[in-house]
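The data block below is model_23.txt; it holds compact mmCIF, C-alpha atoms.
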# COMPACT_ATOMS: atom_id res chain seq x y z
CA MET I 47 -9.35 79.30 65.07
CA ARG I 48 -6.21 78.42 63.16
CA ILE I 49 -5.53 74.93 61.76
CA GLY I 50 -3.17 74.10 64.65
CA GLU I 51 -5.93 74.78 67.18
CA LEU I 52 -8.41 72.72 65.12
CA SER I 53 -5.87 69.89 65.12
CA ARG I 54 -5.34 70.18 68.89
CA ARG I 55 -9.07 70.15 69.64
CA THR I 56 -9.89 67.14 67.47
CA GLY I 57 -6.68 65.15 67.71
CA VAL I 58 -6.44 65.04 63.90
CA PRO I 59 -2.93 65.86 62.59
CA VAL I 60 -2.59 69.04 60.47
CA PRO I 61 -1.48 67.16 57.30
CA THR I 62 -4.55 64.92 57.62
CA ILE I 63 -6.84 67.96 57.92
CA LYS I 64 -5.25 69.39 54.77
CA TYR I 65 -5.77 66.06 53.01
CA TYR I 66 -9.49 66.09 53.91
CA VAL I 67 -9.79 69.62 52.50
CA ARG I 68 -8.09 68.55 49.26
CA GLU I 69 -10.40 65.54 48.97
CA GLY I 70 -13.46 67.73 49.47
CA LEU I 71 -14.50 66.14 52.77
CA LEU I 72 -13.95 69.32 54.74
CA PRO I 73 -14.70 72.85 53.45
CA PRO I 74 -11.58 75.06 53.30
CA GLY I 75 -11.07 77.60 56.07
CA GLU I 76 -11.78 81.29 55.50
CA LEU I 77 -8.63 83.17 54.46
CA SER I 78 -7.83 85.91 56.98
CA SER I 79 -4.55 86.64 55.18
CA PRO I 80 -2.93 85.06 52.11
CA ASN I 81 -1.22 82.41 54.26
CA GLN I 82 -3.69 82.12 57.09
CA ALA I 83 -7.04 80.28 57.13
CA GLN I 84 -9.59 80.47 59.92
CA TYR I 85 -11.71 77.50 60.95
CA GLY I 86 -14.94 77.54 62.96
CA GLU I 87 -17.11 75.22 65.00
CA ALA I 88 -18.69 73.81 61.84
CA HIS I 89 -15.25 72.61 60.75
CA GLU I 90 -14.61 71.05 64.12
CA ARG I 91 -17.93 69.23 64.06
CA ARG I 92 -17.47 68.04 60.48
CA LEU I 93 -14.00 66.78 61.33
CA ARG I 94 -15.37 64.74 64.23
CA LEU I 95 -18.02 63.29 61.92
CA ILE I 96 -15.41 62.30 59.34
CA ARG I 97 -13.28 60.60 62.00
CA ALA I 98 -16.27 58.74 63.44
CA LEU I 99 -17.36 57.45 60.01
CA LEU I 100 -13.77 56.44 59.29
CA ASP I 101 -12.64 54.99 62.62
CA VAL I 102 -15.81 53.57 64.10
CA GLY I 103 -17.96 53.10 61.01
CA GLY I 104 -15.13 51.74 58.87
CA LEU I 105 -16.22 53.74 55.80
CA LYS I 106 -13.60 54.53 53.17
CA VAL I 107 -12.63 58.14 52.38
CA ALA I 108 -14.36 57.97 48.96
CA ALA I 109 -17.60 56.71 50.53
CA ILE I 110 -17.47 59.46 53.18
CA ALA I 111 -16.99 62.09 50.45
CA GLU I 112 -20.14 60.91 48.69
CA VAL I 113 -22.20 60.70 51.87
CA LEU I 114 -21.15 64.19 52.96
CA GLY I 115 -21.74 65.52 49.43
CA ALA I 116 -25.32 64.31 49.63
CA VAL I 117 -25.72 65.78 53.13
CA ASP I 118 -24.41 69.18 51.98
CA ASP I 119 -26.43 69.65 48.78
CA PRO I 120 -29.40 71.87 49.72
CA ALA I 121 -31.01 71.44 46.28
CA ARG I 122 -31.82 67.80 46.90
CA PRO I 123 -35.06 66.89 48.68
CA LEU I 124 -34.47 65.45 52.14
CA HIS I 125 -35.65 61.94 51.34
CA LYS I 126 -33.37 61.77 48.29
CA VAL I 127 -30.39 62.90 50.33
CA LEU I 128 -31.15 60.28 52.94
CA GLY I 129 -31.66 57.63 50.31
CA ALA I 130 -28.28 58.48 48.80
CA ALA I 131 -26.65 58.32 52.23
CA ALA I 132 -28.12 54.88 52.86
CA ASP I 133 -27.07 53.69 49.39
CA ARG I 134 -23.48 54.58 50.18
CA LEU I 135 -23.58 52.84 53.51
CA GLY I 136 -24.53 49.35 52.42
CA PRO I 137 -21.99 46.99 50.87
CA ALA I 138 -21.51 47.44 47.16
CA GLY I 139 -21.60 44.60 44.67
CA ASP I 140 -23.52 42.88 41.95
CA ALA I 141 -26.37 40.49 42.42
CA ASP I 142 -25.57 36.91 41.48
CA ASP I 143 -28.12 34.65 39.88
CA ASP I 144 -27.13 31.16 41.01
CA ALA I 145 -29.45 28.84 42.95
CA GLU I 146 -28.36 30.29 46.31
CA ALA I 147 -29.10 33.83 45.16
CA VAL I 148 -32.56 32.82 43.95
CA ALA I 149 -33.31 30.98 47.20
CA ALA I 150 -32.03 33.88 49.33
CA SER I 151 -34.07 36.40 47.38
CA ALA I 152 -37.21 34.29 47.79
CA ALA I 153 -36.54 33.95 51.53
CA VAL I 154 -36.25 37.74 51.85
CA ASP I 155 -39.46 38.33 49.87
CA GLU I 156 -41.30 35.83 52.08
CA LEU I 157 -39.89 37.44 55.22
CA ILE I 158 -41.04 40.91 54.15
CA ALA I 159 -44.52 39.58 53.28
CA ARG I 160 -44.75 37.56 56.52
CA ARG I 161 -43.74 40.51 58.70
CA GLY I 162 -45.99 42.89 56.76
CA TRP I 163 -43.03 45.23 56.33
CA ARG I 164 -43.65 48.23 54.12
CA THR I 165 -40.83 48.79 51.71
CA HIS I 166 -40.16 50.19 48.26
CA GLU I 167 -38.48 49.04 45.08
CA SER I 168 -35.38 51.17 45.55
CA ASN I 169 -34.65 49.91 49.07
CA ARG I 170 -31.13 48.54 48.83
CA ALA I 171 -31.40 46.83 52.22
CA ALA I 172 -33.45 43.93 50.80
CA ALA I 173 -30.77 43.28 48.17
CA ASP I 174 -28.00 43.50 50.80
CA LEU I 175 -29.86 41.00 52.98
CA SER I 176 -30.24 38.61 50.02
CA ARG I 177 -26.53 38.87 49.21
CA ALA I 178 -25.50 38.03 52.79
CA LEU I 179 -27.88 35.04 52.92
CA ALA I 180 -26.78 33.81 49.48
CA ALA I 181 -23.13 33.95 50.60
CA MET I 182 -24.06 31.90 53.67
CA GLY I 183 -25.93 29.41 51.48
CA ARG I 184 -22.85 28.93 49.29
CA LEU I 185 -20.84 28.13 52.44
CA GLY I 186 -23.29 25.42 53.50
CA HIS I 187 -25.22 27.63 55.92
CA GLY I 188 -28.53 27.81 54.06
CA ALA I 189 -30.23 26.74 57.31
CA PHE I 190 -29.38 30.16 58.74
CA THR I 191 -32.62 31.38 57.14
CA GLU I 192 -34.40 29.59 60.02
CA LEU I 193 -33.20 32.44 62.26
CA LEU I 194 -34.67 35.22 60.11
CA ASP I 195 -37.75 35.84 62.24
CA GLU I 196 -35.71 36.02 65.44
CA TYR I 197 -33.39 38.51 63.74
CA ALA I 198 -36.46 40.41 62.49
CA ASP I 199 -37.92 40.63 66.02
CA ALA I 200 -34.64 42.13 67.18
CA ALA I 201 -34.41 44.50 64.20
CA GLU I 202 -37.93 45.81 64.89
CA LEU I 203 -36.99 46.49 68.53
CA VAL I 204 -33.93 48.48 67.46
CA ALA I 205 -35.78 50.35 64.68
CA ARG I 206 -38.54 51.44 67.05
CA ALA I 207 -35.94 52.70 69.54
CA ASP I 208 -34.08 54.57 66.76
CA LEU I 209 -37.22 56.22 65.38
CA GLY I 210 -38.30 57.28 68.86
CA TYR I 211 -34.91 58.94 69.32
CA VAL I 212 -35.16 60.71 65.94
CA GLY I 213 -38.66 61.92 66.85
CA ARG I 214 -37.29 63.74 69.90
CA ARG I 215 -34.93 65.76 67.70
CA VAL I 216 -36.56 68.69 65.91
CA ALA I 217 -33.95 70.66 63.94
CA VAL I 218 -34.11 69.52 60.31
CA GLU I 219 -30.56 70.76 59.65
CA ASP I 220 -29.36 68.23 62.21
CA LEU I 221 -31.61 65.46 60.93
CA VAL I 222 -29.64 64.38 57.89
CA GLU I 223 -26.38 64.30 59.80
CA SER I 224 -28.08 62.48 62.66
CA VAL I 225 -29.39 59.81 60.31
CA VAL I 226 -25.90 59.25 58.91
CA ILE I 227 -24.44 59.06 62.42
CA GLY I 228 -27.18 56.74 63.62
CA THR I 229 -26.97 54.41 60.67
CA VAL I 230 -23.19 54.01 60.76
CA LEU I 231 -22.43 54.31 64.47
CA GLY I 232 -25.68 52.59 65.48
CA GLU I 233 -24.50 49.55 63.54
CA ALA I 234 -21.18 49.60 65.37
CA VAL I 235 -23.05 49.85 68.69
CA PHE I 236 -25.30 46.91 67.89
CA ASN I 237 -22.52 44.74 66.49
CA ALA I 238 -20.39 45.21 69.61
CA MET I 239 -23.40 44.50 71.80
CA ARG I 240 -24.18 41.32 69.88
CA ARG I 241 -20.65 40.09 70.60
CA LEU I 242 -21.07 40.93 74.30
CA ALA I 243 -24.37 39.04 74.36
CA HIS I 244 -22.68 36.06 72.69
CA VAL I 245 -20.17 35.78 75.52
CA ASP I 246 -22.95 35.91 78.09
CA ALA I 247 -25.19 33.41 76.25
CA SER I 248 -22.22 31.12 75.75
CA ALA I 249 -21.22 31.28 79.43
CA ARG I 250 -24.80 30.49 80.49
CA MET I 251 -25.11 27.62 78.02
CA TYR I 252 -21.79 25.99 78.91
CA GLY I 253 -21.87 26.76 82.64
CA ALA I 254 -20.09 29.14 85.00
CA ASP I 255 -16.97 26.97 85.29
CA GLY I 256 -16.54 27.07 81.56
CA ALA I 257 -17.12 30.82 81.37
CA ALA I 258 -13.44 31.75 81.20
CA ALA I 259 -12.65 28.91 78.80
CA VAL I 260 -15.52 29.56 76.43
CA GLY I 261 -15.19 33.30 76.79
CA GLY I 262 -12.94 33.66 73.78
CA GLU I 263 -15.17 31.21 72.01
CA GLY I 264 -18.37 32.95 72.97
CA GLU I 265 -16.86 36.26 71.94
CA ALA I 266 -17.39 35.27 68.37
CA ALA I 267 -19.85 32.43 68.84
CA ALA I 268 -22.47 32.94 66.21
CA THR I 269 -23.48 30.68 63.38
CA MET B 230 -9.64 20.32 39.18
CA ARG B 231 -7.46 22.82 37.33
CA ILE B 232 -7.37 26.51 38.21
CA GLY B 233 -9.64 27.39 35.26
CA GLU B 234 -12.34 25.08 36.54
CA LEU B 235 -11.95 26.48 40.09
CA SER B 236 -12.37 29.96 38.61
CA ARG B 237 -15.45 28.93 36.63
CA ARG B 238 -17.12 27.31 39.65
CA THR B 239 -16.53 30.21 42.03
CA GLY B 240 -16.67 33.16 39.64
CA VAL B 241 -13.27 34.35 40.90
CA PRO B 242 -10.85 35.31 38.06
CA VAL B 243 -7.70 33.19 37.71
CA PRO B 244 -5.28 36.10 38.44
CA THR B 245 -7.24 36.83 41.65
CA ILE B 246 -6.96 33.19 42.74
CA LYS B 247 -3.20 33.35 42.14
CA TYR B 248 -3.03 36.56 44.17
CA TYR B 249 -4.82 34.88 47.12
CA VAL B 250 -2.31 32.00 46.95
CA ARG B 251 0.62 34.45 46.96
CA GLU B 252 -0.89 36.30 49.95
CA GLY B 253 -1.29 33.05 51.87
CA LEU B 254 -5.10 33.20 51.98
CA LEU B 255 -5.51 30.08 49.86
CA PRO B 256 -3.20 27.02 50.04
CA PRO B 257 -1.42 26.29 46.75
CA GLY B 258 -2.78 23.50 44.55
CA GLU B 259 -1.04 20.14 44.36
CA LEU B 260 1.40 19.97 41.46
CA SER B 261 0.40 17.20 39.03
CA SER B 262 3.15 18.31 36.61
CA PRO B 263 5.71 21.15 36.78
CA ASN B 264 3.23 23.59 35.20
CA GLN B 265 -0.04 22.11 36.40
CA ALA B 266 -1.63 22.42 39.83
CA GLN B 267 -4.71 20.54 40.98
CA TYR B 268 -7.31 22.09 43.30
CA GLY B 269 -9.92 20.27 45.37
CA GLU B 270 -13.20 20.95 47.15
CA ALA B 271 -11.35 22.41 50.14
CA HIS B 272 -9.92 25.11 47.83
CA GLU B 273 -13.35 25.85 46.41
CA ARG B 274 -14.85 26.20 49.87
CA ARG B 275 -12.00 28.35 51.15
CA LEU B 276 -12.31 30.59 48.11
CA ARG B 277 -16.04 31.10 48.76
CA LEU B 278 -15.24 31.96 52.39
CA ILE B 279 -12.62 34.52 51.31
CA ARG B 280 -15.07 36.15 48.88
CA ALA B 281 -17.83 36.26 51.49
CA LEU B 282 -15.58 37.88 54.10
CA LEU B 283 -14.36 40.35 51.48
CA ASP B 284 -17.57 41.21 49.59
CA VAL B 285 -20.27 40.84 52.22
CA GLY B 286 -18.27 41.24 55.42
CA GLY B 287 -16.14 44.11 54.12
CA LEU B 288 -12.94 42.73 55.69
CA LYS B 289 -9.62 43.71 54.16
CA VAL B 290 -7.28 41.11 52.64
CA ALA B 291 -4.77 41.48 55.50
CA ALA B 292 -7.51 40.94 58.11
CA ILE B 293 -8.78 37.87 56.26
CA ALA B 294 -5.25 36.44 56.16
CA GLU B 295 -4.96 36.75 59.94
CA VAL B 296 -8.42 35.31 60.62
CA LEU B 297 -7.76 32.33 58.33
CA GLY B 298 -4.28 31.85 59.81
CA ALA B 299 -5.87 31.49 63.25
CA VAL B 300 -8.52 29.12 61.88
CA ASP B 301 -5.88 26.92 60.23
CA ASP B 302 -3.41 26.57 63.11
CA PRO B 303 -4.20 23.21 64.78
CA ALA B 304 -1.76 23.86 67.62
CA ARG B 305 -3.87 26.64 69.08
CA PRO B 306 -6.66 25.77 71.52
CA LEU B 307 -10.11 26.39 70.07
CA HIS B 308 -11.04 29.25 72.37
CA LYS B 309 -7.80 31.07 71.55
CA VAL B 310 -8.39 30.66 67.83
CA LEU B 311 -11.90 31.99 68.23
CA GLY B 312 -10.70 34.84 70.39
CA ALA B 313 -8.14 35.77 67.74
CA ALA B 314 -10.82 35.64 65.05
CA ALA B 315 -13.08 37.94 67.05
CA ASP B 316 -10.21 40.32 67.78
CA ARG B 317 -9.59 40.70 64.06
CA LEU B 318 -13.24 41.35 63.33
CA GLY B 319 -13.82 44.35 65.55
CA PRO B 320 -12.66 47.83 64.54
CA ALA B 321 -9.08 48.59 65.42
CA GLY B 322 -7.99 51.75 67.21
CA ASP B 323 -6.81 53.24 70.44
CA ALA B 324 -8.92 54.16 73.39
CA ASP B 325 -9.23 57.89 73.98
CA ASP B 326 -9.36 59.35 77.43
CA ASP B 327 -11.43 62.52 77.07
CA ALA B 328 -14.66 63.17 78.98
CA GLU B 329 -16.79 61.40 76.35
CA ALA B 330 -14.60 58.28 76.48
CA VAL B 331 -14.86 58.19 80.28
CA ALA B 332 -18.64 58.66 80.20
CA ALA B 333 -19.07 56.02 77.48
CA SER B 334 -16.92 53.53 79.36
CA ALA B 335 -18.96 54.10 82.55
CA ALA B 336 -22.21 53.65 80.60
CA VAL B 337 -20.96 50.32 79.22
CA ASP B 338 -19.85 49.09 82.66
CA GLU B 339 -23.26 50.04 84.10
CA LEU B 340 -25.05 48.31 81.23
CA ILE B 341 -23.08 45.09 81.73
CA ALA B 342 -23.77 45.16 85.50
CA ARG B 343 -27.46 45.99 84.99
CA ARG B 344 -27.99 43.18 82.48
CA GLY B 345 -25.96 40.74 84.58
CA TRP B 346 -23.89 39.91 81.51
CA ARG B 347 -20.95 37.61 82.12
CA THR B 348 -17.85 38.85 80.39
CA HIS B 349 -14.08 38.77 80.78
CA GLU B 350 -11.25 41.27 80.79
CA SER B 351 -10.03 40.43 77.31
CA ASN B 352 -13.42 40.88 75.65
CA ARG B 353 -12.79 43.50 72.98
CA ALA B 354 -16.52 44.01 72.37
CA ALA B 355 -16.92 46.17 75.49
CA ALA B 356 -14.12 48.47 74.31
CA ASP B 357 -15.61 48.64 70.80
CA LEU B 358 -18.99 49.56 72.26
CA SER B 359 -17.39 52.31 74.37
CA ARG B 360 -15.58 53.71 71.34
CA ALA B 361 -18.78 53.90 69.27
CA LEU B 362 -20.67 55.60 72.12
CA ALA B 363 -17.81 58.04 72.79
CA ALA B 364 -17.78 59.00 69.09
CA MET B 365 -21.51 59.65 69.28
CA GLY B 366 -21.03 61.73 72.42
CA ARG B 367 -18.44 63.90 70.66
CA LEU B 368 -21.00 64.54 67.91
CA GLY B 369 -23.64 65.71 70.39
CA HIS B 370 -25.46 62.39 70.57
CA GLY B 371 -24.63 61.46 74.14
CA ALA B 372 -28.37 60.90 74.71
CA PHE B 373 -28.10 57.82 72.49
CA THR B 374 -27.08 55.92 75.65
CA GLU B 375 -30.80 56.07 76.59
CA LEU B 376 -31.37 53.40 73.93
CA LEU B 377 -28.80 50.97 75.31
CA ASP B 378 -31.29 48.67 77.06
CA GLU B 379 -33.51 48.42 73.99
CA TYR B 380 -30.41 47.58 71.93
CA ALA B 381 -29.40 45.06 74.61
CA ASP B 382 -32.83 43.36 74.49
CA ALA B 383 -32.40 42.98 70.73
CA ALA B 384 -28.79 41.76 71.05
CA GLU B 385 -29.86 39.08 73.55
CA LEU B 386 -32.56 37.86 71.14
CA VAL B 387 -30.03 37.56 68.32
CA ALA B 388 -27.35 35.94 70.52
CA ARG B 389 -29.78 33.28 71.75
CA ALA B 390 -30.80 32.50 68.17
CA ASP B 391 -27.13 32.28 67.09
CA LEU B 392 -26.12 30.00 69.95
CA GLY B 393 -29.09 27.71 69.29
CA TYR B 394 -27.96 27.43 65.69
CA VAL B 395 -24.36 26.66 66.72
CA GLY B 396 -25.65 24.01 69.15
CA ARG B 397 -27.31 22.14 66.29
CA ARG B 398 -23.97 21.80 64.47
CA VAL B 399 -21.71 19.05 65.81
CA ALA B 400 -18.52 18.80 63.74
CA VAL B 401 -15.77 20.70 65.58
CA GLU B 402 -13.74 21.14 62.36
CA ASP B 403 -16.67 23.18 61.01
CA LEU B 404 -17.17 25.10 64.24
CA VAL B 405 -14.35 27.62 63.93
CA GLU B 406 -15.21 28.44 60.35
CA SER B 407 -18.89 28.64 61.27
CA VAL B 408 -18.17 31.14 64.03
CA VAL B 409 -16.21 33.33 61.60
CA ILE B 410 -19.00 33.13 59.03
CA GLY B 411 -21.68 33.81 61.61
CA THR B 412 -19.89 36.74 63.19
CA VAL B 413 -19.12 38.51 59.91
CA LEU B 414 -22.09 37.56 57.74
CA GLY B 415 -24.51 37.55 60.67
CA GLU B 416 -23.63 41.22 61.20
CA ALA B 417 -24.34 41.96 57.54
CA VAL B 418 -27.69 40.15 57.86
CA PHE B 419 -28.70 42.10 60.94
CA ASN B 420 -27.55 45.46 59.61
CA ALA B 421 -29.56 45.03 56.40
CA MET B 422 -32.56 43.94 58.40
CA ARG B 423 -32.31 46.97 60.69
CA ARG B 424 -32.46 49.22 57.61
CA LEU B 425 -35.51 47.32 56.35
CA ALA B 426 -37.18 47.70 59.74
CA HIS B 427 -36.39 51.45 59.69
CA VAL B 428 -38.33 51.89 56.46
CA ASP B 429 -41.30 50.04 57.90
CA ALA B 430 -41.23 51.86 61.25
CA SER B 431 -40.88 55.18 59.43
CA ALA B 432 -43.82 54.43 57.11
CA ARG B 433 -46.00 53.47 60.08
CA MET B 434 -44.99 56.54 62.04
CA TYR B 435 -45.51 59.03 59.24
CA GLY B 436 -48.57 57.33 57.70
CA ALA B 437 -49.31 55.25 54.61
CA ASP B 438 -49.59 58.25 52.26
CA GLY B 439 -46.14 59.35 53.23
CA ALA B 440 -44.70 55.87 52.85
CA ALA B 441 -43.22 56.44 49.41
CA ALA B 442 -41.93 59.89 50.33
CA VAL B 443 -40.36 58.90 53.61
CA GLY B 444 -39.15 55.59 52.22
CA GLY B 445 -35.77 56.93 51.26
CA GLU B 446 -35.71 58.75 54.55
CA GLY B 447 -36.65 55.73 56.56
CA GLU B 448 -34.06 53.69 54.72
CA ALA B 449 -31.42 55.30 56.84
CA ALA B 450 -33.56 56.76 59.62
CA ALA B 451 -31.76 56.00 62.80
CA THR B 452 -30.36 58.37 65.38
Structure encoded using structure tokens:
Amino acid sequence: MRIGELSRRTGVPVPTIKYYVREGLLPPGELSSPNQAQYGEAHERRLRLIRALLDVGGLKVAAIAEVLGAVDDPARPLHKVLGAAADRLGPAGDADDDAEAVAASAAVDELIARRGWRTHESNRAAADLSRALAAMGRLGHGAFTELLDEYADAAELVARADLGYVGRRVAVEDLVESVVIGTVLGEAVFNAMRRLAHVDASARMYGADGAAAVGGEGEAAAT
Amino acid sequence: MRIGELSRRTGVPVPTIKYYVREGLLPPGELSSPNQAQYGEAHERRLRLIRALLDVGGLKVAAIAEVLGAVDDPARPLHKVLGAAADRLGPAGDADDDAEAVAASAAVDELIARRGWRTHESNRAAADLSRALAAMGRLGHGAFTELLDEYADAAELVARADLGYVGRRVAVEDLVESVVIGTVLGEAVFNAMRRLAHVDASARMYGADGAAAVGGEGEAAAT
């Protein structure tokens, strides 16, 4: 198809498609004449993936380029590609070494030991978790660590569901892309659902009459 | 304290602090002489909150300004302030109206009815959930909706834990800020924990010998 048709099908404006090609997010179309490029279903699918990572996942264009680069490189072993994808997905930043950072890191180590979670040195998720808890500690919410096991119960539920879903998919060429989709969009799904559950929990806690009034409150009611 | 001391305590460079003041994120210090401003504990705390929303929560400066503006306006009823905060936290964007959007919206309505969740018309979370599911549907992952009840079980667990934590805090002046912290940083906590749980679930599924090999895989293993 021509670029206009690709634009029509995906709802992405032509100049934006050209920008993605320039930035290396989308492979160029095949030239059918010096001024005419043809695009296929792979382009359409890739374009939808880019838009989902951008619009729903909130990733920046540079981060998407790196994730897709790792997905596309056939020379890299699958687990390295997936590791690279995950590395790009977590928040970036340096570890601090103040008292809150030390306490948060210890709390994460204890959690992992207590749950018997298997992990590995290069797993960025443990560091990300420590950073979030340390930031809470600095804001006077060190007691949030009391909720870690309840969060862990919930995380195990979701992880088991995710892995079961992955297990039902067989094509390895889809697997890497599926993991990227699931990690980014799965987070958006869970985060929205958590806010829905907050409204419900808040309405139940403060009574039916207060449901409308505390609705806006419950919408964000968390810590 | 002077701006240098505020910078030293929080690790935020002086030019960055001045930028936050210019952007309205941080109130200006009190002038003790024409060239000398004094900052207090409230500035230090606000600065830590800004950095947490930025670094851990991944919010943009403009979004933080709007969230903090709603937190600071005493004329607005609490539930409206909290509603505004939540509105700023979810992903922005228009609803689409293709087949996937219609199917996703129906799946969300059915989920809410099936769980008996109380909600209200203005709850943005339902729309955010629909958007994430519609994006998955467009990428060939419409079957992800099969996981919705397992995700909902997990979301209810987390919401109950969050509300219990909020209930133990009494000061209303802390409540709004706490809800913002909990919504943004609580998401970062859960998302990191989900990735940790993926590694563990993946190691258990594919066996101990494969733990190291599938570690990087499990790190992101989701959909």
Selection: 7 Å around region 93-102 of chain I, only C-alpha atoms, excl. self and same-chain fewer than 4 positions, as an MDAnalysis selection string | (chainID I and resid 56 89 106 230:231 234) or (chainID B and resid 320 361 364 368)
Residue with smallest distance to chain B - pool I:Gly86, I:Gly183, I:Gly104, I:Pro80, counting all atoms listed in the file =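 Of I:Gly86, I:Gly183, I:Gly104, I:Pro80, the one nearest chain B, counting all atoms listed in the file, is I:Gly104.
CA of Met422 (chain B) sits 6.7 Å away from CA of Ala198 (chain I).
Between chain I and the residues B:Glu375, B:Glu385, B:Asp326, B:Glu270, the shortest atom-to-atom distance, using only C-alpha atoms, involves B:Glu385.
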Would you mind reading off the distance between CA of Ser78 (chain I) and CA of Lys64 (chain I), one decimal, in Å?
->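 Separation between CA of Ser78 (chain I) and CA of Lys64 (chain I): 16.9 Å.
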Which residues are near Asp327 (chain B)? Cut-off 12 Å, only C-alpha atoms, ignore same chain within fewer than 6 positions. Put them as a compact mmCIF listing (two decimals) with C-alpha atoms, in the coordinates of the input.
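Contents of part-v3.txt, as written:
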# COMPACT_ATOMS: atom_id res chain seq x y z
CA ARG I 55 -9.07 70.15 69.64
CA THR I 56 -9.89 67.14 67.47
CA GLY I 57 -6.68 65.15 67.71
CA ALA B 333 -19.07 56.02 77.48
CA SER B 334 -16.92 53.53 79.36
CA ARG B 360 -15.58 53.71 71.34
CA ALA B 363 -17.81 58.04 72.79
CA ALA B 364 -17.78 59.00 69.09
CA GLY B 366 -21.03 61.73 72.42
CA ARG B 367 -18.44 63.90 70.66
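Interatomic distance, CA of Val250 (chain B) against CA of Val296 (chain B): 15.3 Å.
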Best match for closeness to Thr412 (chain B) among B:Ala355, B:Met230, B:Leu288, B:Ala336, counting only C-alpha atoms =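 Selected residue with least distance to Thr412 (chain B): B:Leu288.
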With distances taken over all atoms listed in the file, which of I:Ala108, I:Leu209, I:Leu193, I:Ala149 is nearest to Arg433 (chain B)?
->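 Ranked by minimum distance to Arg433 (chain B), first place goes to I:Leu209.
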Kindly indicate which residue among I:Glu69, I:Asp119, I:Glu146, I:Asp195 lies nearest to Ala390 (chain B), using only C-alpha atoms for the distances.
->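 Using only C-alpha atoms, the shortest distance to Ala390 (chain B) belongs to I:Asp195.
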Show me, as JSON, the centre and edge lengths in Å to one decimal of the axis-aligned box that covers every listed atom of region 273-278 of chain B with 4 Å on each side.
{"center_x": -14.0, "center_y": 28.9, "center_z": 49.4, "size_x": 12.0, "size_y": 14.1, "size_z": 14.0}
Near Tyr66 (chain I), counting all atoms listed in the file, which residues have an atom at most 10 Å away, once you skip same-chain residues fewer than 5 positions from it, shown as a ChimeraX atom specification?
-> /I:60-61,71-74,93,96,107,111
Would you mind listing what lies within 8 Å of Leu242 (chain I) as an MDAnalysis selection string, with all atoms listed in the file counted and same-chain residues fewer than 5 positions away left out?
-> (chainID I and resid 265) or (chainID B and resid 346 348 352 354:355)
Spatial neighbours of Gln82 (chain I), 9 Å, all atoms listed in the file, chain gap at least 4 places, as a list in words =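 Near Gln82 (chain I), the qualifying residues are Arg48, Ile49, Gly75, Glu76, Leu77 and Ser78 of chain I.
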In terms of the shortest atom-to-atom distance over all atoms listed in the file, which of I:Glu156, I:Asp246, I:Glu223, I:Glu112 is closest to chain B?
-> I:Asp246
